[in-house]
Amino acid sequence: MQAQVSPQAWHFSWLLLDMDKVPEIQYFGASALHIKISRYWNDIPADQYETLKSQLFSHITRFASGSKIVLTRLCVALASLALNMMPEAWPCAVADMVRMFQSEDSNIDGRARCLALLELLTVLPEEFQTSRLPQYRKGQVRGVLAQECSSVFPLLEQLLQQQDSPSFIKQKVLKCFSSWVQLEIPLMECENLIQAAFTSLRDPELFDTAVEAIVNAISQPDAQRYVNTLLKLIPPVLGLQEQLRQAVQSRDMETSHGICRIAVALGENHSRALLDQVDHWQSFLALVNMIMFCTGIPGHYPVNETTSSLTLTFWYTLQDDILSFEPEKQAMYQQVYRPVYFQLVDVLLHKAQFPSDEEYSCWSSDEKEQFRIYRVDISDTLMYVYEMLGAELLSSLYDKLGRLLTNTEQPTSWQHTEALLYGFQSIAETIDVNYSDVVPGLIGLIPHISISNVQLADTVMFTIGALSEWLADHPVMINNVLPLVLQALGNPELSISSVSTLKKICRECKYDLPPYAANIVAVSQDVLMKQIHKTSQCMWLMQALGFLLSALQVEEILKNLHSLITPYIQQLEKLADEMPNPSNKLAIIHILGLLSNLFTTLDISHHDDDHESTEVKKLPVPQGPNPVVVVLQQVFQLIQKVLSKWLNDAQVVESVCSIFEKSVKTLLDDFAPMVPQLCEMLGQMYSTIPQASAIDLTKQLVHIFAHEPAHFPPIKALFLLVTSVTLSLFQQGPRDHPDIVDSFMQLLAQALKRKPDLFLCSSLDVKAVFHCGVISLKFPEAPTVKSACGFFTELLPRCGEIPPVGQVVHENGKMLLQAVLEGVGGQASRNLMDQLAEILFALSKHCFSYLSIWIKEVMQQDGFPSARVTPEQKEIFSQQILRERVNKRRVKDMVKEFTLLCRGLHGTEYTADY
């Protein structure tokens with residue numbers, strides 16, 4: 001790469017292009033030329049343009065019958081030259097290229113010349129798309145190229161229409177046309193070539209390239225302005241229907257796929273423009289029906305067909321366009337298209353059906369996954385179609401399902417039932433069906449479905465889950481479906497669907513579940529003990545039970561908790577006595593996880609309820625301590641015992657902390673009785689072996705309890721202990737513990753936010769904490785630096801109100817500034833510039849008089865913060881920072897600009913989207 005950008009490349013490139021070199025070497029030479037021309041155009045003196053041009057022309061002629069890859073590279077180099085010279089230095093570049101290659105040259109055969117010209121014309125628009133021309137030049141050159149197509153298109157038409165043009169030339173012509181239409185050339189100027197491309201579709205060798213050209217031409221954004229041309233394109237597209245039918249019959253997936261792409265490109269990109277032509281509604285309807293045929297193409301996606309998925313977005317677009325018209329036109333089109341959309345629902349549900357069991361069992365896991373994603377796309381489309389068809393859609397699905405399930409004469413396939421339910425579930429999941437009059441009937445039908453198959457059972461479960469909010473409003477119906485869900489819990493194959501459905505029901509309907517609670521708990525306990533489900537489903541199941549228990553009376557909760565947790569506590573006691581080994585570690589983490597997931601949702605104070613107050617009134621007012629606290633106090637000793645053996649293991653420590661963290665988050669003030677003993681345990685844990693999870697839990701306690709006088713003493717003691725242990729860790733070398741440093745910085749920031757008085761404690765070494773913050777700013781791990789920035793952003797505004805902070809900042813602020821500017825100068829990731837800018841902004845706002853002295857001193861160092869910035873650039877940046885004390889956004893922009901200068905990236909392609 002260095003050779004290619006060096007000044008010597010101008011010389012050696014031509015030598016490497018000698019005809020006696022191997023193609024790889026020639027390719028390198030051509031490539032170096034292209035790089036020089038495209039990136040270092042300004043190095044070329046204007047008086048050498050012509051020489052360069054003629055040299056390139058002669059080399060292209062020479063390579064016309066030589067190596068294809070070298071020829072292409074040389075064409076790209078000449079294309080780049082032309083783009084840079086247009087329009088002033090080389091006004092008719094394209095016409096000249098055509099003329100040069102058409103002139104008779106006896107040494108080179110005509111076909112080779114023709115191919116070289118086509119290659120050059122093909123790469124020209126491509127090179128334009130990727131060129132680095134400045135914005136104003138891009139517009140200018142695009143305009144010139146669009147005019148120059150008058151030199152290109154007649155030639156392409158002539159080559160396509162010539163009877164004796166060989167296939168490979170026609171192929172190249174279609175590719176060239178494809179490349180040019182992307183320059184936003186008016187569609188009417190492409191008419192003849194598009195028609196010629198339609199004719200080429202009959203030639204199997206040209207089919208793919210012709211499809212590509214037609215799709216590119218139709219899809220260019222500008223095309224919708226040429227409505228007459230678009231209308232002229234409908235008949236040739238409709239004319240492909242016979243070819244499409246034959247392709248489908250002979251299972252020729254490539255051909256049906258290509259024709260479908262053309263129909264969809266016309267329909268999807270221009271439905272609005274074509275619907276606007278009300279007089280032509282019938283021909284557009286014919287196109288829509290052709291697309292419907294593609295949606296319903298026979299076969300199972302993705303095994304025997306891959307075409308139907310291309311059409312799904314079209315149905316969104318068409319519907320959006322119809323619904324965006326003024327009432328009169330909309331009413332007319334609703335009348336035409338509602339039947340089409342009802343037909344679409346049938347087609348989609350047919351396509352969503354599973355294949356026969358034996359066929360499905362032969363599919364690869366990849367095919368099954370693609371089919372799953374395809375069904376999700378169908379589900380999204382159905383949900384969307386509901387906007388067009390409304391409640392009538394649900395009624396029609398319900399009628400079909402009812403007829404299927406009550407028809408005794410013909411046994412129905414489970415696939416049919418499953419697809420109808422899937423359609424229902426797709427809509428119910430996202431649309432409020434609470435007012436639908438068919439849901440009660442559906443809930444009544446569900447128990448009559450004979451479930452013989454996992455896929456059907458899954459869909460029944462998900463459908464019940466989708467209706468859980470409806471069940472909350474109609475609690476009498478819960479008993480219709482709950483037994484099905486509880487029965488499914490025992491089947492490992494239905495693990496995900498049954499557990500997630502039970503969780504939804506317990507969350508949405510918890511106030512109506514007390515009569516069923518004993519049964520739900522018993523079944524859940526049974527499947528948990530039998531270890532039917534994987535870990536994550538066990539955790540969801542515990543969350544479901546947490547929701548369920550939240551709505552019971554306190555003594556009921558305690559009774560259920562006792563029966564639910566006792567077996568695990570006994571297991572944990574046994575494990576606590578054993579010597580640590582990998583298998584009992586997993587068992588311990590599993591049990592602690594179950595407890596913490598249960599406590600995540602077990603909330604009797606109803607902070608999480610958005611139910612109206614009347615609903616909450618019918619609930620018991622909790623008496624005495626919170627049940628979660630009662631349980632935690634009972635197992636506290638046991639947890640300490642487990643910890644004492646596993647203090648070295650970050651995962652076990654994390655699981656223990658997680659139980660308390662989840663409980664604190666859910667219980668908030670109710671957790672108060674546990675604060676003293678938890679603070680003591682955390683202190684012991686952290687001073688033995690510091691771990692990030694212990695700091696995170698400390699941060700949570702500071703957040704919720706630090707500003708309450710009653711709890712301040714234990715929390716203050718814990719905060720000071722964690723700080724002093726971490727400071728000593730910094731003295732030994734914190735590099736190996738970026739996670740601890742990260743959590744510690746977050747803890748300090750939280751303390752400053754919630755209880756700044758903690759920084760007034762005489763035993764807190766504010767200076768040492770400040771130094772640790774500066775060290776953390778230099779860590780290579782971005783999250784750690786981010787947290788350190790967060791700490792300083794909280795600390796600097798406190799300079800005035802907390803004397804120890806003010807004193808430390810005034811004595812050591814220059815060191816902080818130095819570290820921030822080192823980061824901006826290139827030490828820190830570019831993604832962190834906003835956070836570093838916030839520190840500069842805070843310094844400017846809260847320590848202005850010091851900052852103006854420090855920034856001068858720091859910036860005077862040679863080569864600081866980067867050897868790439870000049871003293872003038874540093875001075876400008878310093879002045880900008882000192883001037884801007886109000887607008888943080890502006891400071892962030894200045895820092896981004898300056899960091900690019902420091903890194904030598906200013907004005908390069910890397911920064912285009914920065």
# chains A, B, ... in the order shown; residues from 1 in each chain; ligands from 1
$ residues_around --residues "region 481-495 of chain A" --least-positions-apart "5" --cutoff "9 Å" --atoms "only C-alpha atoms" --output "list in words"
Ile443, Gly444, Ile446, Pro447, Val454, Gln455, Ala457, Asp458, Met461, Ile464, Ser500, Thr501, Leu502, Ile505, Tyr516, Asn519, Ile520, Val523, Ser524, Asp526, Val527, Ile532, His533, Lys534 and Gln537 of chain A
$ closest_atom_pairs --of "region 624-707 of chain A" --to "region 729-740 of chain A" --cutoff "12 Å" --atoms "only C-alpha atoms" --output "CSV"
residue,atom,partner,partner_atom,distance
A:Ala650,CA,A:Asp739,CA,11.5
A:Tyr686,CA,A:Ile740,CA,10.9
A:Ser687,CA,A:Leu729,CA,10.5
A:Thr688,CA,A:Leu729,CA,11.9
A:Ile689,CA,A:Leu729,CA,10.5
A:Pro690,CA,A:Ile740,CA,7.7
A:Gln691,CA,A:Ile740,CA,6.3
A:Ala692,CA,A:Ile740,CA,4.5
A:Ser693,CA,A:Ile740,CA,8.3
A:Ala694,CA,A:Ile740,CA,9.2
A:Ile695,CA,A:Ile740,CA,7.6
A:Asp696,CA,A:Ile740,CA,9.3
$ atom_distance --atom1 "CA of Ala672 (chain A)" --atom2 "CA of Ser787 (chain A)"
28.2 Å
$ atom_distance --atom1 "CA of Gln195 (chain A)" --atom2 "CA of Cys92 (chain A)"
27.7 Å
$ select_by_dssp --residues "region 489-655 of chain A" --states "alpha helix (DSSP H)" --output "compact mmCIF listing (two decimals) with N, CA and C atoms, in the first residue's frame"
# COMPACT_ATOMS: atom_id res chain seq x y z
N SER A 495 -41.37 -26.56 26.15
CA SER A 495 -40.80 -25.78 27.26
C SER A 495 -40.98 -24.28 27.08
N ILE A 496 -40.49 -23.74 25.96
CA ILE A 496 -40.49 -22.27 25.80
C ILE A 496 -41.91 -21.73 25.74
N SER A 497 -42.77 -22.38 24.92
CA SER A 497 -44.11 -21.81 24.74
C SER A 497 -44.95 -21.93 26.01
N SER A 498 -44.84 -23.06 26.72
CA SER A 498 -45.71 -23.21 27.90
C SER A 498 -45.26 -22.30 29.04
N VAL A 499 -43.96 -22.24 29.25
CA VAL A 499 -43.47 -21.41 30.38
C VAL A 499 -43.73 -19.93 30.10
N SER A 500 -43.48 -19.48 28.83
CA SER A 500 -43.67 -18.05 28.58
C SER A 500 -45.16 -17.70 28.66
N THR A 501 -46.03 -18.64 28.26
CA THR A 501 -47.48 -18.37 28.35
C THR A 501 -47.92 -18.31 29.81
N LEU A 502 -47.42 -19.23 30.63
CA LEU A 502 -47.79 -19.18 32.05
C LEU A 502 -47.31 -17.86 32.67
N LYS A 503 -46.11 -17.43 32.27
CA LYS A 503 -45.57 -16.17 32.83
C LYS A 503 -46.47 -15.00 32.44
N LYS A 504 -46.92 -14.98 31.17
CA LYS A 504 -47.81 -13.89 30.74
C LYS A 504 -49.11 -13.91 31.54
N ILE A 505 -49.67 -15.11 31.70
CA ILE A 505 -50.96 -15.19 32.44
C ILE A 505 -50.75 -14.74 33.89
N CYS A 506 -49.67 -15.19 34.51
CA CYS A 506 -49.44 -14.80 35.91
C CYS A 506 -49.19 -13.30 36.04
N ARG A 507 -48.58 -12.70 35.01
CA ARG A 507 -48.33 -11.26 35.08
C ARG A 507 -49.61 -10.47 34.86
N GLU A 508 -50.38 -10.85 33.81
CA GLU A 508 -51.55 -10.06 33.44
C GLU A 508 -52.76 -10.33 34.35
N PRO A 514 -55.76 -16.19 42.50
CA PRO A 514 -55.69 -16.87 43.81
C PRO A 514 -56.43 -18.22 43.88
N PRO A 515 -57.64 -18.38 43.27
CA PRO A 515 -58.29 -19.70 43.37
C PRO A 515 -57.45 -20.82 42.74
N TYR A 516 -56.61 -20.47 41.76
CA TYR A 516 -55.84 -21.52 41.07
C TYR A 516 -54.42 -21.62 41.60
N ALA A 517 -54.07 -20.74 42.55
CA ALA A 517 -52.65 -20.61 42.93
C ALA A 517 -52.07 -21.94 43.42
N ALA A 518 -52.80 -22.64 44.28
CA ALA A 518 -52.24 -23.87 44.86
C ALA A 518 -51.89 -24.85 43.75
N ASN A 519 -52.81 -24.95 42.77
CA ASN A 519 -52.59 -25.88 41.67
C ASN A 519 -51.37 -25.48 40.82
N ILE A 520 -51.29 -24.17 40.49
CA ILE A 520 -50.17 -23.69 39.67
C ILE A 520 -48.84 -23.96 40.37
N VAL A 521 -48.81 -23.65 41.69
CA VAL A 521 -47.56 -23.85 42.44
C VAL A 521 -47.19 -25.33 42.46
N ALA A 522 -48.21 -26.20 42.68
CA ALA A 522 -47.92 -27.64 42.78
C ALA A 522 -47.35 -28.17 41.45
N VAL A 523 -48.00 -27.80 40.34
CA VAL A 523 -47.52 -28.30 39.04
C VAL A 523 -46.11 -27.75 38.76
N SER A 524 -45.91 -26.47 39.05
CA SER A 524 -44.60 -25.86 38.78
C SER A 524 -43.52 -26.54 39.61
N GLN A 525 -43.85 -26.76 40.87
CA GLN A 525 -42.87 -27.41 41.75
C GLN A 525 -42.48 -28.78 41.21
N ASP A 526 -43.52 -29.48 40.75
CA ASP A 526 -43.30 -30.82 40.23
C ASP A 526 -42.35 -30.79 39.04
N VAL A 527 -42.61 -29.88 38.06
CA VAL A 527 -41.73 -29.88 36.87
C VAL A 527 -40.33 -29.36 37.22
N LEU A 528 -40.25 -28.46 38.21
CA LEU A 528 -38.91 -27.98 38.61
C LEU A 528 -38.11 -29.12 39.25
N MET A 529 -38.77 -29.90 40.08
CA MET A 529 -38.07 -31.01 40.74
C MET A 529 -37.64 -32.08 39.73
N THR A 535 -32.24 -24.27 32.03
CA THR A 535 -32.07 -23.23 33.06
C THR A 535 -32.91 -21.99 32.81
N SER A 536 -32.87 -21.45 31.57
CA SER A 536 -33.55 -20.15 31.40
C SER A 536 -35.05 -20.29 31.58
N GLN A 537 -35.63 -21.43 31.16
CA GLN A 537 -37.08 -21.60 31.38
C GLN A 537 -37.40 -21.77 32.87
N CYS A 538 -36.50 -22.42 33.60
CA CYS A 538 -36.72 -22.53 35.06
C CYS A 538 -36.77 -21.13 35.68
N MET A 539 -35.90 -20.25 35.20
CA MET A 539 -35.86 -18.88 35.74
C MET A 539 -37.18 -18.15 35.41
N TRP A 540 -37.68 -18.31 34.15
CA TRP A 540 -38.96 -17.68 33.78
C TRP A 540 -40.09 -18.21 34.66
N LEU A 541 -40.02 -19.52 34.92
CA LEU A 541 -41.08 -20.14 35.71
C LEU A 541 -41.10 -19.54 37.12
N MET A 542 -39.91 -19.31 37.67
CA MET A 542 -39.84 -18.67 38.99
C MET A 542 -40.41 -17.25 38.93
N GLN A 543 -40.12 -16.53 37.84
CA GLN A 543 -40.69 -15.17 37.71
C GLN A 543 -42.22 -15.25 37.66
N ALA A 544 -42.73 -16.26 36.93
CA ALA A 544 -44.19 -16.43 36.85
C ALA A 544 -44.76 -16.63 38.27
N LEU A 545 -44.08 -17.48 39.06
CA LEU A 545 -44.58 -17.75 40.42
C LEU A 545 -44.48 -16.50 41.29
N GLY A 546 -43.44 -15.68 41.04
CA GLY A 546 -43.33 -14.42 41.78
C GLY A 546 -44.55 -13.53 41.52
N PHE A 547 -44.93 -13.38 40.23
CA PHE A 547 -46.14 -12.59 39.90
C PHE A 547 -47.36 -13.17 40.61
N LEU A 548 -47.48 -14.51 40.53
CA LEU A 548 -48.66 -15.18 41.07
C LEU A 548 -48.79 -14.94 42.58
N LEU A 549 -47.67 -15.13 43.29
CA LEU A 549 -47.73 -15.01 44.75
C LEU A 549 -47.98 -13.57 45.19
N SER A 550 -47.55 -12.59 44.36
CA SER A 550 -47.69 -11.19 44.75
C SER A 550 -49.13 -10.82 45.10
N VAL A 554 -50.60 -12.23 52.82
CA VAL A 554 -49.23 -12.44 53.27
C VAL A 554 -49.00 -13.85 53.83
N GLU A 555 -49.96 -14.34 54.66
CA GLU A 555 -49.71 -15.68 55.22
C GLU A 555 -49.74 -16.76 54.14
N GLU A 556 -50.59 -16.54 53.11
CA GLU A 556 -50.63 -17.47 51.97
C GLU A 556 -49.28 -17.46 51.22
N ILE A 557 -48.77 -16.24 51.03
CA ILE A 557 -47.47 -16.13 50.34
C ILE A 557 -46.41 -16.92 51.10
N LEU A 558 -46.38 -16.70 52.41
CA LEU A 558 -45.34 -17.36 53.21
C LEU A 558 -45.48 -18.88 53.15
N LYS A 559 -46.77 -19.35 53.20
CA LYS A 559 -47.00 -20.80 53.16
C LYS A 559 -46.47 -21.37 51.83
N ASN A 560 -46.83 -20.68 50.71
CA ASN A 560 -46.40 -21.16 49.40
C ASN A 560 -44.89 -21.07 49.23
N LEU A 561 -44.34 -19.95 49.71
CA LEU A 561 -42.88 -19.78 49.60
C LEU A 561 -42.18 -20.91 50.34
N HIS A 562 -42.74 -21.23 51.52
CA HIS A 562 -42.12 -22.27 52.34
C HIS A 562 -42.07 -23.58 51.57
N SER A 563 -43.22 -23.96 50.96
CA SER A 563 -43.23 -25.26 50.26
C SER A 563 -42.37 -25.20 48.99
N LEU A 564 -42.32 -24.03 48.39
CA LEU A 564 -41.61 -23.90 47.12
C LEU A 564 -40.09 -23.92 47.33
N ILE A 565 -39.66 -23.22 48.41
CA ILE A 565 -38.22 -22.99 48.56
C ILE A 565 -37.54 -24.06 49.41
N THR A 566 -38.31 -24.68 50.32
CA THR A 566 -37.67 -25.62 51.26
C THR A 566 -36.78 -26.67 50.58
N PRO A 567 -37.29 -27.35 49.51
CA PRO A 567 -36.40 -28.36 48.90
C PRO A 567 -35.07 -27.77 48.43
N TYR A 568 -35.13 -26.54 47.92
CA TYR A 568 -33.88 -25.92 47.42
C TYR A 568 -32.96 -25.55 48.58
N ILE A 569 -33.58 -25.08 49.67
CA ILE A 569 -32.76 -24.72 50.84
C ILE A 569 -32.04 -25.96 51.36
N GLN A 570 -32.79 -27.08 51.39
CA GLN A 570 -32.16 -28.33 51.89
C GLN A 570 -31.00 -28.74 50.98
N GLN A 571 -31.25 -28.59 49.66
CA GLN A 571 -30.19 -28.92 48.70
C GLN A 571 -28.97 -28.02 48.91
N LEU A 572 -29.26 -26.73 49.14
CA LEU A 572 -28.18 -25.75 49.31
C LEU A 572 -27.38 -26.06 50.58
N GLU A 573 -28.10 -26.48 51.64
CA GLU A 573 -27.39 -26.81 52.90
C GLU A 573 -26.42 -27.96 52.67
N LYS A 574 -26.90 -28.95 51.90
CA LYS A 574 -26.04 -30.10 51.61
C LYS A 574 -24.81 -29.65 50.80
N LEU A 575 -25.10 -28.79 49.78
CA LEU A 575 -24.00 -28.32 48.92
C LEU A 575 -23.00 -27.48 49.69
N ALA A 576 -23.51 -26.74 50.70
CA ALA A 576 -22.62 -25.85 51.47
C ALA A 576 -21.62 -26.66 52.30
N ASP A 577 -22.00 -27.90 52.60
CA ASP A 577 -21.09 -28.72 53.42
C ASP A 577 -20.04 -29.44 52.56
N PRO A 582 -16.60 -28.37 40.39
CA PRO A 582 -17.37 -27.74 39.30
C PRO A 582 -18.85 -28.12 39.27
N SER A 583 -19.19 -29.39 39.58
CA SER A 583 -20.60 -29.76 39.43
C SER A 583 -21.45 -29.14 40.54
N ASN A 584 -20.93 -29.09 41.79
CA ASN A 584 -21.80 -28.45 42.80
C ASN A 584 -21.80 -26.94 42.67
N LYS A 585 -20.79 -26.40 41.99
CA LYS A 585 -20.83 -24.95 41.70
C LYS A 585 -22.05 -24.64 40.82
N LEU A 586 -22.25 -25.45 39.74
CA LEU A 586 -23.39 -25.21 38.84
C LEU A 586 -24.70 -25.33 39.60
N ALA A 587 -24.79 -26.33 40.49
CA ALA A 587 -26.04 -26.52 41.26
C ALA A 587 -26.30 -25.32 42.16
N ILE A 588 -25.23 -24.79 42.78
CA ILE A 588 -25.40 -23.63 43.68
C ILE A 588 -25.87 -22.42 42.87
N ILE A 589 -25.21 -22.18 41.72
CA ILE A 589 -25.60 -21.02 40.90
C ILE A 589 -27.05 -21.15 40.44
N HIS A 590 -27.45 -22.39 40.10
CA HIS A 590 -28.83 -22.63 39.65
C HIS A 590 -29.83 -22.26 40.76
N ILE A 591 -29.56 -22.76 41.96
CA ILE A 591 -30.50 -22.50 43.07
C ILE A 591 -30.55 -20.99 43.39
N LEU A 592 -29.38 -20.36 43.46
CA LEU A 592 -29.36 -18.92 43.75
C LEU A 592 -30.11 -18.16 42.65
N GLY A 593 -29.95 -18.62 41.38
CA GLY A 593 -30.65 -17.98 40.26
C GLY A 593 -32.16 -18.11 40.41
N LEU A 594 -32.62 -19.31 40.82
CA LEU A 594 -34.06 -19.51 41.00
C LEU A 594 -34.60 -18.53 42.05
N LEU A 595 -33.87 -18.41 43.17
CA LEU A 595 -34.34 -17.51 44.23
C LEU A 595 -34.37 -16.07 43.72
N SER A 596 -33.30 -15.67 43.01
CA SER A 596 -33.26 -14.26 42.63
C SER A 596 -34.34 -13.95 41.59
N ASN A 597 -34.67 -14.91 40.71
CA ASN A 597 -35.74 -14.66 39.74
C ASN A 597 -37.11 -14.62 40.41
N LEU A 598 -37.27 -15.43 41.45
CA LEU A 598 -38.54 -15.39 42.20
C LEU A 598 -38.71 -14.02 42.87
N PHE A 599 -37.61 -13.53 43.45
CA PHE A 599 -37.71 -12.25 44.17
C PHE A 599 -37.79 -11.05 43.23
N THR A 600 -37.42 -11.27 41.95
CA THR A 600 -37.50 -10.16 40.99
C THR A 600 -38.95 -9.71 40.81
N THR A 601 -39.88 -10.67 40.82
CA THR A 601 -41.27 -10.32 40.49
C THR A 601 -42.21 -10.38 41.68
N SER A 613 -56.60 2.80 40.96
CA SER A 613 -56.51 2.65 42.42
C SER A 613 -57.63 1.77 42.95
N THR A 614 -58.79 1.77 42.28
CA THR A 614 -59.91 0.96 42.79
C THR A 614 -59.51 -0.50 42.84
N GLU A 615 -58.74 -0.93 41.84
CA GLU A 615 -58.36 -2.33 41.79
C GLU A 615 -57.43 -2.66 42.95
N VAL A 616 -56.57 -1.69 43.27
CA VAL A 616 -55.58 -1.97 44.30
C VAL A 616 -56.27 -2.02 45.67
N LYS A 617 -57.38 -1.30 45.78
CA LYS A 617 -58.06 -1.26 47.09
C LYS A 617 -58.55 -2.62 47.53
N PRO A 627 -42.74 -10.70 52.94
CA PRO A 627 -42.40 -12.13 52.88
C PRO A 627 -40.99 -12.39 52.32
N VAL A 628 -40.58 -11.59 51.34
CA VAL A 628 -39.25 -11.81 50.77
C VAL A 628 -38.18 -11.58 51.84
N VAL A 629 -38.40 -10.52 52.65
CA VAL A 629 -37.43 -10.23 53.71
C VAL A 629 -37.41 -11.37 54.72
N VAL A 630 -38.60 -11.89 55.05
CA VAL A 630 -38.67 -13.01 56.01
C VAL A 630 -37.82 -14.17 55.48
N VAL A 631 -38.01 -14.51 54.19
CA VAL A 631 -37.27 -15.64 53.61
C VAL A 631 -35.77 -15.33 53.59
N LEU A 632 -35.43 -14.11 53.17
CA LEU A 632 -34.00 -13.77 53.08
C LEU A 632 -33.35 -13.86 54.46
N GLN A 633 -34.10 -13.41 55.51
CA GLN A 633 -33.50 -13.47 56.84
C GLN A 633 -33.28 -14.93 57.28
N GLN A 634 -34.25 -15.80 56.84
CA GLN A 634 -34.11 -17.21 57.22
C GLN A 634 -32.89 -17.85 56.55
N VAL A 635 -32.62 -17.43 55.28
CA VAL A 635 -31.53 -18.12 54.57
C VAL A 635 -30.21 -17.36 54.64
N PHE A 636 -30.22 -16.23 55.36
CA PHE A 636 -29.04 -15.36 55.35
C PHE A 636 -27.78 -16.10 55.81
N GLN A 637 -27.92 -16.81 56.92
CA GLN A 637 -26.78 -17.55 57.48
C GLN A 637 -26.25 -18.58 56.47
N LEU A 638 -27.22 -19.27 55.85
CA LEU A 638 -26.83 -20.31 54.89
C LEU A 638 -26.07 -19.70 53.71
N ILE A 639 -26.56 -18.54 53.24
CA ILE A 639 -25.89 -17.88 52.11
C ILE A 639 -24.47 -17.48 52.52
N GLN A 640 -24.35 -17.00 53.77
CA GLN A 640 -23.00 -16.62 54.24
C GLN A 640 -22.07 -17.83 54.26
N LYS A 641 -22.66 -18.97 54.65
CA LYS A 641 -21.86 -20.20 54.73
C LYS A 641 -21.38 -20.61 53.32
N VAL A 642 -22.32 -20.55 52.35
CA VAL A 642 -21.95 -20.87 50.96
C VAL A 642 -20.83 -19.93 50.49
N LEU A 643 -21.03 -18.64 50.80
CA LEU A 643 -20.05 -17.65 50.36
C LEU A 643 -18.67 -17.93 50.92
N SER A 644 -18.64 -18.29 52.20
CA SER A 644 -17.34 -18.45 52.85
C SER A 644 -16.49 -19.48 52.09
N LYS A 645 -17.18 -20.49 51.49
CA LYS A 645 -16.42 -21.52 50.75
C LYS A 645 -16.09 -21.09 49.33
N TRP A 646 -16.91 -20.17 48.79
CA TRP A 646 -16.80 -19.86 47.35
C TRP A 646 -16.36 -18.43 47.09
N ALA A 650 -15.89 -15.82 41.15
CA ALA A 650 -16.65 -14.62 40.77
C ALA A 650 -18.11 -14.95 40.45
N GLN A 651 -18.36 -16.12 39.82
CA GLN A 651 -19.75 -16.41 39.41
C GLN A 651 -20.66 -16.66 40.61
N VAL A 652 -20.14 -17.39 41.61
CA VAL A 652 -20.97 -17.64 42.80
C VAL A 652 -21.22 -16.32 43.54
N VAL A 653 -20.16 -15.52 43.68
CA VAL A 653 -20.31 -14.23 44.37
C VAL A 653 -21.35 -13.38 43.63
N GLU A 654 -21.26 -13.41 42.30
CA GLU A 654 -22.20 -12.63 41.50
C GLU A 654 -23.63 -13.13 41.71
N SER A 655 -23.82 -14.46 41.79
CA SER A 655 -25.17 -15.00 41.99
C SER A 655 -25.72 -14.59 43.34
$ residues_around --residues "Arg830 (chain A)" --least-positions-apart "6" --cutoff "10 Å" --atoms "only C-alpha atoms" --output "ChimeraX atom specification"
/A:782,823-824,896,899-900,903,914
$ atom_distance --atom1 "CA of Thr417 (chain A)" --atom2 "CA of Thr459 (chain A)"
9.8 Å
$ closest_residue --among "A:Leu83, A:Leu816, A:Leu118, A:Ala472" --to "Arg132 (chain A)" --atoms "only C-alpha atoms"
A:Leu83
$ residues_around --residues "region 214-222 of chain A" --least-positions-apart "5" --cutoff "12 Å" --atoms "only C-alpha atoms" --output "PyMOL selection string"
chain A and resi 174-201+207-209+227+229-234+236-237+258-271+273
$ residues_around --residues "Pro676 (chain A)" --least-positions-apart "2" --cutoff "8 Å" --atoms "only C-alpha atoms" --output "list in words"
Pro673, Met674, Leu678, Cys679, Glu680, His711, Pro714 and Ile715 of chain A
$ residues_around --residues "Tyr384 (chain A)" --least-positions-apart "5" --cutoff "10 Å" --atoms "only C-alpha atoms" --output "PyMOL selection string"
chain A and resi 315-316+319-320+378-379+389-390+426-427+430-431
$ residues_around --residues "Gln827 (chain A)" --least-positions-apart "2" --cutoff "12 Å" --atoms "only C-alpha atoms" --output "ChimeraX atom specification"
/A:777-782,785,818-825,829-833,836,864-866,899,902-903
